[in-house]
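Okay, structure first, notes after.
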Amino acid sequence: VDEVEAIIGPLRRAELRRKTSDAPKGQLRLGKTVQKGHQSYNLMMALQLGVRYIITKISHETAPKELGPLDFELKVKQFFPHEGSEMTPAHPGDGFTWKDYAPMVFRKLREMFGIEAGDYMLSLCSDAALRLLNTPGKSGAVFFLSEDEKFFVKSLKKGETRLLFNMLPEYYKHVSSHPHTLLTKFYGLHRITLANGRKFDFVVMANLFNTSVQLHRKYDLKGSRLGRTAGPACRDDPLVILKDLDLDCTFRLEEGWRDRLV
């Protein structure tokens, strides 16, 4: 009962916060809501079902005080048939296979980042659909945005998934030692295999732009100068994502903060 309440309680509190929010009605929303009939609907539905399954499953397990090598190597698979099973609910789409990478590691990371299991599920798996963003880069990646705009879900190439999975022990060690790090916050790594055999890898990340502070400029910095500009005409447009060559200012930090933020 206590474990169930640990999940359901934050869901109730987050829903209350959402209902009583004073956010202005009709404000500009990013992306396009993925409704039934959209070409990405089945993919979104599989993603939501898979996240709900693994978060519920891992939340009922006792978390070890220290993670071992096997926690970083663990991969969990679950088939979701159309008609449902003892482990999975029935759903309107075709059957698919869910694969989760290092679920206990990502649970610990979410806890370190202050993300409650119930809030996480509500953001990604509630009745509200995810929103599909226009691909902002050249990678051709698929981007979903949670309804509350707290989380990005980005598709990965197979090599990118392997790279993140292999670097996970060092990433976890670094985040544990540097809780104020400005490195990207990763919350989950997943693979969906559809009935036609097509595979999609996804990583869930924090949306850095989800803030009450007004942002006058936004930058996508990669540490490269080759073609890294949005163009001079876009420099003062708050809706444009600027790049490395557009950065024309210097940051000064108090002593010791650079090491804490790296």
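Going through the structure tokens in order, the chains are called A, B, and so on, while each chain numbers its residues from 1 and the ligands are numbered from 1 in the order shown.
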Could you give me, as a PyMOL selection string, each residue of region 14-102 of chain A that DSSP assigns to helix (DSSP H, G or I) when run on this structure's backbone? chain A and resi 14-19+41-59+69-73
Residues just named, written with N, CA and C atoms as a JSON list (two decimals), in the first residue's frame:
[["chain", "number", "residue", "atom", "x", "y", "z"],
["A", 14, "ALA", "N", 0.05, 16.51, -8.40],
["A", 14, "ALA", "CA", 0.41, 17.19, -9.64],
["A", 14, "ALA", "C", -0.83, 17.58, -10.43],
["A", 15, "GLU", "N", -1.85, 16.72, -10.41],
["A", 15, "GLU", "CA", -3.09, 17.03, -11.12],
["A", 15, "GLU", "C", -3.78, 18.23, -10.47],
["A", 16, "LEU", "N", -3.73, 18.33, -9.14],
["A", 16, "LEU", "CA", -4.31, 19.47, -8.44],
["A", 16, "LEU", "C", -3.58, 20.75, -8.80],
["A", 17, "ARG", "N", -2.23, 20.65, -8.86],
["A", 17, "ARG", "CA", -1.45, 21.84, -9.24],
["A", 17, "ARG", "C", -1.81, 22.29, -10.64],
["A", 18, "ARG", "N", -2.02, 21.32, -11.53],
["A", 18, "ARG", "CA", -2.34, 21.66, -12.92],
["A", 18, "ARG", "C", -3.70, 22.35, -13.01],
["A", 19, "LYS", "N", -4.70, 21.85, -12.24],
["A", 19, "LYS", "CA", -6.04, 22.42, -12.28],
["A", 19, "LYS", "C", -6.08, 23.83, -11.71],
["A", 41, "TYR", "N", 0.88, 8.31, -33.99],
["A", 41, "TYR", "CA", 0.05, 8.00, -32.83],
["A", 41, "TYR", "C", 0.42, 6.67, -32.19],
["A", 42, "ASN", "N", 0.56, 5.60, -33.00],
["A", 42, "ASN", "CA", 0.89, 4.29, -32.45],
["A", 42, "ASN", "C", 2.24, 4.29, -31.76],
["A", 43, "LEU", "N", 3.19, 5.04, -32.30],
["A", 43, "LEU", "CA", 4.51, 5.14, -31.69],
["A", 43, "LEU", "C", 4.42, 5.85, -30.34],
["A", 44, "MET", "N", 3.66, 6.95, -30.30],
["A", 44, "MET", "CA", 3.48, 7.69, -29.05],
["A", 44, "MET", "C", 2.78, 6.82, -28.00],
["A", 45, "MET", "N", 1.75, 6.09, -28.43],
["A", 45, "MET", "CA", 1.01, 5.25, -27.51],
["A", 45, "MET", "C", 1.91, 4.15, -26.94],
["A", 46, "ALA", "N", 2.75, 3.54, -27.79],
["A", 46, "ALA", "CA", 3.68, 2.51, -27.33],
["A", 46, "ALA", "C", 4.67, 3.09, -26.32],
["A", 47, "LEU", "N", 5.12, 4.29, -26.59],
["A", 47, "LEU", "CA", 6.06, 4.96, -25.68],
["A", 47, "LEU", "C", 5.41, 5.20, -24.32],
["A", 48, "GLN", "N", 4.19, 5.69, -24.30],
["A", 48, "GLN", "CA", 3.49, 5.96, -23.04],
["A", 48, "GLN", "C", 3.22, 4.67, -22.27],
["A", 49, "LEU", "N", 2.78, 3.62, -22.96],
["A", 49, "LEU", "CA", 2.53, 2.34, -22.30],
["A", 49, "LEU", "C", 3.81, 1.76, -21.71],
["A", 50, "GLY", "N", 4.90, 1.86, -22.47],
["A", 50, "GLY", "CA", 6.17, 1.31, -22.00],
["A", 50, "GLY", "C", 6.71, 2.05, -20.79],
["A", 51, "VAL", "N", 6.64, 3.37, -20.82],
["A", 51, "VAL", "CA", 7.13, 4.17, -19.69],
["A", 51, "VAL", "C", 6.30, 3.86, -18.44],
["A", 52, "ARG", "N", 4.99, 3.80, -18.59],
["A", 52, "ARG", "CA", 4.14, 3.50, -17.44],
["A", 52, "ARG", "C", 4.47, 2.12, -16.86],
["A", 53, "TYR", "N", 4.70, 1.16, -17.73],
["A", 53, "TYR", "CA", 5.01, -0.20, -17.29],
["A", 53, "TYR", "C", 6.31, -0.23, -16.50],
["A", 54, "ILE", "N", 7.38, 0.36, -17.04],
["A", 54, "ILE", "CA", 8.69, 0.22, -16.40],
["A", 54, "ILE", "C", 8.77, 1.05, -15.13],
["A", 55, "ILE", "N", 8.12, 2.23, -15.10],
["A", 55, "ILE", "CA", 8.16, 3.05, -13.88],
["A", 55, "ILE", "C", 7.41, 2.36, -12.76],
["A", 56, "THR", "N", 6.25, 1.77, -13.07],
["A", 56, "THR", "CA", 5.50, 1.03, -12.05],
["A", 56, "THR", "C", 6.30, -0.17, -11.56],
["A", 57, "LYS", "N", 6.90, -0.89, -12.48],
["A", 57, "LYS", "CA", 7.67, -2.09, -12.13],
["A", 57, "LYS", "C", 8.87, -1.74, -11.26],
["A", 58, "ILE", "N", 9.64, -0.74, -11.67],
["A", 58, "ILE", "CA", 10.88, -0.43, -10.95],
["A", 58, "ILE", "C", 10.60, 0.26, -9.62],
["A", 59, "SER", "N", 9.44, 0.94, -9.51],
["A", 59, "SER", "CA", 9.10, 1.62, -8.26],
["A", 59, "SER", "C", 8.75, 0.62, -7.16],
["A", 69, "PRO", "N", 27.71, -3.45, -11.07],
["A", 69, "PRO", "CA", 27.92, -3.55, -12.52],
["A", 69, "PRO", "C", 26.71, -4.11, -13.26],
["A", 70, "LEU", "N", 26.01, -5.07, -12.66],
["A", 70, "LEU", "CA", 24.86, -5.67, -13.33],
["A", 70, "LEU", "C", 23.72, -4.67, -13.53],
["A", 71, "ASP", "N", 23.60, -3.70, -12.64],
["A", 71, "ASP", "CA", 22.55, -2.69, -12.79],
["A", 71, "ASP", "C", 22.76, -1.86, -14.06],
["A", 72, "PHE", "N", 24.02, -1.63, -14.42],
["A", 72, "PHE", "CA", 24.33, -0.84, -15.61],
["A", 72, "PHE", "C", 24.23, -1.67, -16.89],
["A", 73, "GLU", "N", 24.22, -2.99, -16.75],
["A", 73, "GLU", "CA", 24.15, -3.87, -17.91],
["A", 73, "GLU", "C", 22.74, -4.39, -18.17]]
Can you tell me which residues surround region 174-187 of chain A at a distance of at most 12 Å, considering only C-alpha atoms, apart from same-chain residues fewer than 3 positions away, and format the answer as a ChimeraX atom specification? /A:51,55,66-67,100-117,120-121,124,150-154,164-165,167-171,190,202-208,256-262
Mind checking which residues fall within 7 Å of region 90-95 of chain A, counting only C-alpha atoms, ignoring those fewer than 6 positions away in the same chain, and posting them as a ChimeraX atom specification? /A:42,80-84,194-195
Residue subset to file, keeping C-alpha atoms, as a short mmCIF file (atom, residue, chain, number, x, y, z; two decimals), in the first residue's frame:
data_model
loop_
_atom_site.label_atom_id
_atom_site.label_comp_id
_atom_site.auth_asym_id
_atom_site.auth_seq_id
_atom_site.Cartn_x
_atom_site.Cartn_y
_atom_site.Cartn_z
CA ASN A 42 0.89 4.29 -32.45
CA PHE A 80 2.61 -5.68 -25.38
CA PRO A 81 0.02 -7.70 -27.37
CA HIS A 82 -2.98 -5.87 -28.78
CA GLU A 83 -5.38 -7.87 -26.60
CA GLY A 84 -3.33 -7.36 -23.43
CA LEU A 194 6.82 -2.34 -33.81
CA ALA A 195 4.88 -5.23 -35.32
#
Pick from A:Leu130, A:Leu245, A:Lys75, A:Gly68 nearest to Gln35 (chain A), counting only C-alpha atoms: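 Going through A:Leu130, A:Leu245, A:Lys75, A:Gly68 one by one, the smallest distance to Gln35 (chain A) is for A:Leu130.
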With only C-alpha atoms as the counted atoms, please give the residues lying no more than 12 Å from Cys234 (chain A), apart from itself and same-chain residues fewer than 3 positions off, as JSON, numbers by chain. {"A": [217, 218, 219, 229, 230, 231, 237, 238, 239, 240, 241, 242, 243, 246]}
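Between CA of Arg131 (chain A) and CA of Phe96 (chain A) the interatomic distance comes to 21.1 Å.
Between Glu147 (chain A) and the candidates A:Ala128, A:Leu226, A:Asp119, A:Leu215, the tightest atom-to-atom separation, counting only C-alpha atoms, involves A:Ala128.
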Backbone-only DSSP, strand (DSSP E) members of region 109-251 of chain A, as a ChimeraX atom specification: /A:131-133,143-145,151-156,186-193,199-206,218-219,241-242
Straight-line distance linking CA of Ile192 (chain A) with CA of Trp98 (chain A), stated in Å to one decimal: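 Answer for the CA of Ile192 (chain A) to CA of Trp98 (chain A) separation: 5.0 Å.
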Atomic distance CA of Gly37 (chain A) - CA of Pro89 (chain A), expressed in Å with one decimal: 20.6 Å
